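A short worksheet on the structure shown next.
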Amino acid sequence: MKYLNAKKVPQLLIAATGMKWADPVNFPWTMAFLPSQKTGTAGYVRYLLKNRPAAKIGVLYQNDDFGKDYVKALKELWATRPVP
């Protein structure tokens, strides 16, 4: 990705959900086809805030970029929730 962006070679409609594929500031020549994991995780967070606002969350995730992006998105979104 870094090499192709440096050469200004477009990478369009990548079938990946990792958040690194949605970074137009650093990688303007790269565009994913699918929404990022942050977008999907936002739905989970909205559900929890609506139905279980005092919930404690435990996460099992795979130890790679795919799993770590979900955890990162969850932490970011949960940290922005309104505190009662």
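Ordering of the structure tokens sets the chain letters (A, B, ...); residue numbers start at 1 within each chain; ligands are numbered from 1 in the order shown.
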Exercise for the section: Just list the residues in chain A DSSP gives helix (DSSP H, G or I) on the backbone, as a ChimeraX atom specification. Expected result: /A:2-6,19-21,37-51,65-79
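The residue that comes closest to Ser36 (chain A), out of A:Lys7, A:Arg81, A:Arg52, A:Lys72 and on the basis of only C-alpha atoms, is A:Lys72.
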Problem - Contacts of region 61-68 of chain A within 12 Å, only C-alpha atoms, excl. fewer than 5 positions in-chain, as number ranges by chain - result: A: 16-21, 36-38, 41, 73-75
Preceding selection exported with all heavy atoms as a CSV table (one decimal), in the first residue's frame:
chain,number,residue,atom,x,y,z
A,16,ALA,N,-11.8,-5.5,1.8
A,16,ALA,CA,-11.2,-5.6,3.2
A,16,ALA,C,-11.9,-4.6,4.1
A,16,ALA,O,-12.4,-3.6,3.6
A,16,ALA,CB,-9.7,-5.4,3.2
A,17,THR,N,-12.0,-5.0,5.4
A,17,THR,CA,-12.7,-4.1,6.3
A,17,THR,C,-11.8,-3.4,7.3
A,17,THR,O,-12.3,-2.6,8.2
A,17,THR,CB,-13.8,-4.8,7.1
A,17,THR,OG1,-13.2,-5.9,7.8
A,17,THR,CG2,-14.9,-5.4,6.2
A,18,GLY,N,-10.5,-3.7,7.2
A,18,GLY,CA,-9.6,-3.1,8.2
A,18,GLY,C,-9.6,-1.6,8.1
A,18,GLY,O,-9.8,-1.0,7.0
A,19,MET,N,-9.4,-0.9,9.2
A,19,MET,CA,-9.4,0.6,9.3
A,19,MET,C,-8.3,1.2,8.5
A,19,MET,O,-8.3,2.4,8.1
A,19,MET,CB,-9.5,1.0,10.7
A,19,MET,CG,-10.8,0.6,11.3
A,19,MET,SD,-11.2,1.4,12.9
A,19,MET,CE,-9.9,0.9,14.0
A,20,LYS,N,-7.2,0.5,8.3
A,20,LYS,CA,-6.1,1.0,7.6
A,20,LYS,C,-6.4,1.3,6.1
A,20,LYS,O,-5.7,2.1,5.5
A,20,LYS,CB,-4.8,0.2,7.7
A,20,LYS,CG,-4.9,-1.1,6.9
A,20,LYS,CD,-3.6,-1.9,7.1
A,20,LYS,CE,-3.6,-3.2,6.2
A,20,LYS,NZ,-2.3,-3.9,6.4
A,21,TRP,N,-7.4,0.7,5.6
A,21,TRP,CA,-7.8,0.9,4.2
A,21,TRP,C,-8.6,2.2,4.0
A,21,TRP,O,-8.9,2.6,2.9
A,21,TRP,CB,-8.6,-0.3,3.7
A,21,TRP,CG,-7.8,-1.5,3.8
A,21,TRP,CD1,-8.0,-2.6,4.6
A,21,TRP,CD2,-6.6,-1.9,3.0
A,21,TRP,NE1,-7.1,-3.5,4.5
A,21,TRP,CE2,-6.2,-3.2,3.5
A,21,TRP,CE3,-5.9,-1.3,2.0
A,21,TRP,CZ2,-5.1,-3.8,2.9
A,21,TRP,CZ3,-4.8,-2.0,1.5
A,21,TRP,CH2,-4.4,-3.2,1.9
A,36,SER,N,-15.6,0.1,6.9
A,36,SER,CA,-14.6,-0.3,7.9
A,36,SER,C,-15.2,-0.9,9.1
A,36,SER,O,-16.4,-0.8,9.3
A,36,SER,CB,-13.8,0.9,8.3
A,36,SER,OG,-14.5,1.7,9.3
A,37,GLN,N,-14.4,-1.6,9.8
A,37,GLN,CA,-14.9,-2.3,11.1
A,37,GLN,C,-15.4,-1.3,12.1
A,37,GLN,O,-16.3,-1.6,12.8
A,37,GLN,CB,-13.7,-3.1,11.7
A,37,GLN,CG,-13.4,-4.3,10.8
A,37,GLN,CD,-12.1,-4.9,11.1
A,37,GLN,OE1,-11.1,-4.1,11.0
A,37,GLN,NE2,-12.0,-6.1,11.3
A,38,LYS,N,-14.9,0.0,12.0
A,38,LYS,CA,-15.4,1.0,12.9
A,38,LYS,C,-16.9,1.3,12.6
A,38,LYS,O,-17.7,1.4,13.5
A,38,LYS,CB,-14.6,2.3,12.8
A,38,LYS,CG,-14.9,3.3,13.8
A,38,LYS,CD,-13.9,4.4,13.8
A,38,LYS,CE,-14.1,5.3,15.0
A,38,LYS,NZ,-13.1,6.4,15.0
A,41,THR,N,-18.8,-1.7,14.0
A,41,THR,CA,-18.8,-1.7,15.5
A,41,THR,C,-19.7,-0.6,16.1
A,41,THR,O,-20.3,-0.8,17.1
A,41,THR,CB,-17.3,-1.5,16.0
A,41,THR,OG1,-16.5,-2.5,15.4
A,41,THR,CG2,-17.2,-1.6,17.5
A,73,ALA,N,-11.8,0.1,17.6
A,73,ALA,CA,-13.0,0.8,17.3
A,73,ALA,C,-14.0,0.8,18.5
A,73,ALA,O,-14.6,1.8,18.8
A,73,ALA,CB,-13.7,0.2,16.1
A,74,LEU,N,-14.1,-0.4,19.1
A,74,LEU,CA,-15.0,-0.5,20.3
A,74,LEU,C,-14.5,0.5,21.4
A,74,LEU,O,-15.3,1.2,22.0
A,74,LEU,CB,-15.0,-1.9,20.8
A,74,LEU,CG,-15.9,-2.2,22.0
A,74,LEU,CD1,-17.3,-1.9,21.7
A,74,LEU,CD2,-15.7,-3.6,22.5
A,75,LYS,N,-13.2,0.5,21.7
A,75,LYS,CA,-12.7,1.4,22.7
A,75,LYS,C,-12.9,2.8,22.4
A,75,LYS,O,-13.3,3.6,23.2
A,75,LYS,CB,-11.2,1.1,22.9
A,75,LYS,CG,-10.9,-0.2,23.7
A,75,LYS,CD,-9.4,-0.4,23.9
A,75,LYS,CE,-9.1,-1.6,24.6
A,75,LYS,NZ,-7.7,-1.8,24.8
List as a compact mmCIF listing (two decimals) with C-alpha atoms, in the first residue's frame the protein and nucleic acid residues near Trp78 (chain A), meaning an atom at most 12 Å away when only C-alpha atoms are counted, but skip any in the same chain fewer than 3 places from it.
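part-v6.txt was written with the following content:
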# COMPACT_ATOMS: atom_id res chain seq x y z
CA LYS A 38 -15.41 0.99 12.90
CA THR A 41 -18.79 -1.70 15.49
CA ALA A 42 -20.77 1.53 15.81
CA GLY A 43 -23.96 -0.53 15.46
CA TYR A 44 -22.94 -2.77 18.36
CA VAL A 45 -22.12 0.24 20.51
CA ARG A 46 -25.44 1.95 19.70
CA TYR A 47 -27.28 -1.24 20.67
CA LEU A 48 -25.41 -1.53 23.97
CA LEU A 49 -25.95 2.12 24.82
CA PRO A 53 -26.04 1.41 29.13
CA ALA A 54 -24.30 0.18 32.30
CA ALA A 55 -22.87 -2.92 30.63
CA LYS A 56 -19.33 -4.14 31.13
CA ILE A 57 -17.89 -5.48 27.90
CA TYR A 70 -12.60 -4.25 16.22
CA VAL A 71 -11.17 -3.75 19.71
CA LYS A 72 -9.71 -0.36 18.77
CA ALA A 73 -13.02 0.80 17.28
CA LEU A 74 -14.97 -0.46 20.28
CA LYS A 75 -12.69 1.38 22.72
CA ARG A 81 -20.50 7.59 25.06
CA PRO A 82 -22.40 9.97 27.32
CA VAL A 83 -21.68 9.14 30.96
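In the backbone-derived DSSP annotation, strand (DSSP E or B) within chain A comprises Gln11, Leu12, Leu13, Ile14, Thr30, Met31 and Ala32 of chain A.
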Exercise for the section: Can you work out which one of A:Glu76, A:Lys50, A:Leu60, A:Asn5 has the shortest atom-to-atom distance to Asp23 (chain A), counting only C-alpha atoms? Expected result: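 Nearest to Asp23 (chain A): A:Asn5.
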Problem - Straight-line distance linking CA of Ala15 (chain A) with CA of Met31 (chain A), stated in Å to one decimal - result: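 So the answer is 9.5 Å.
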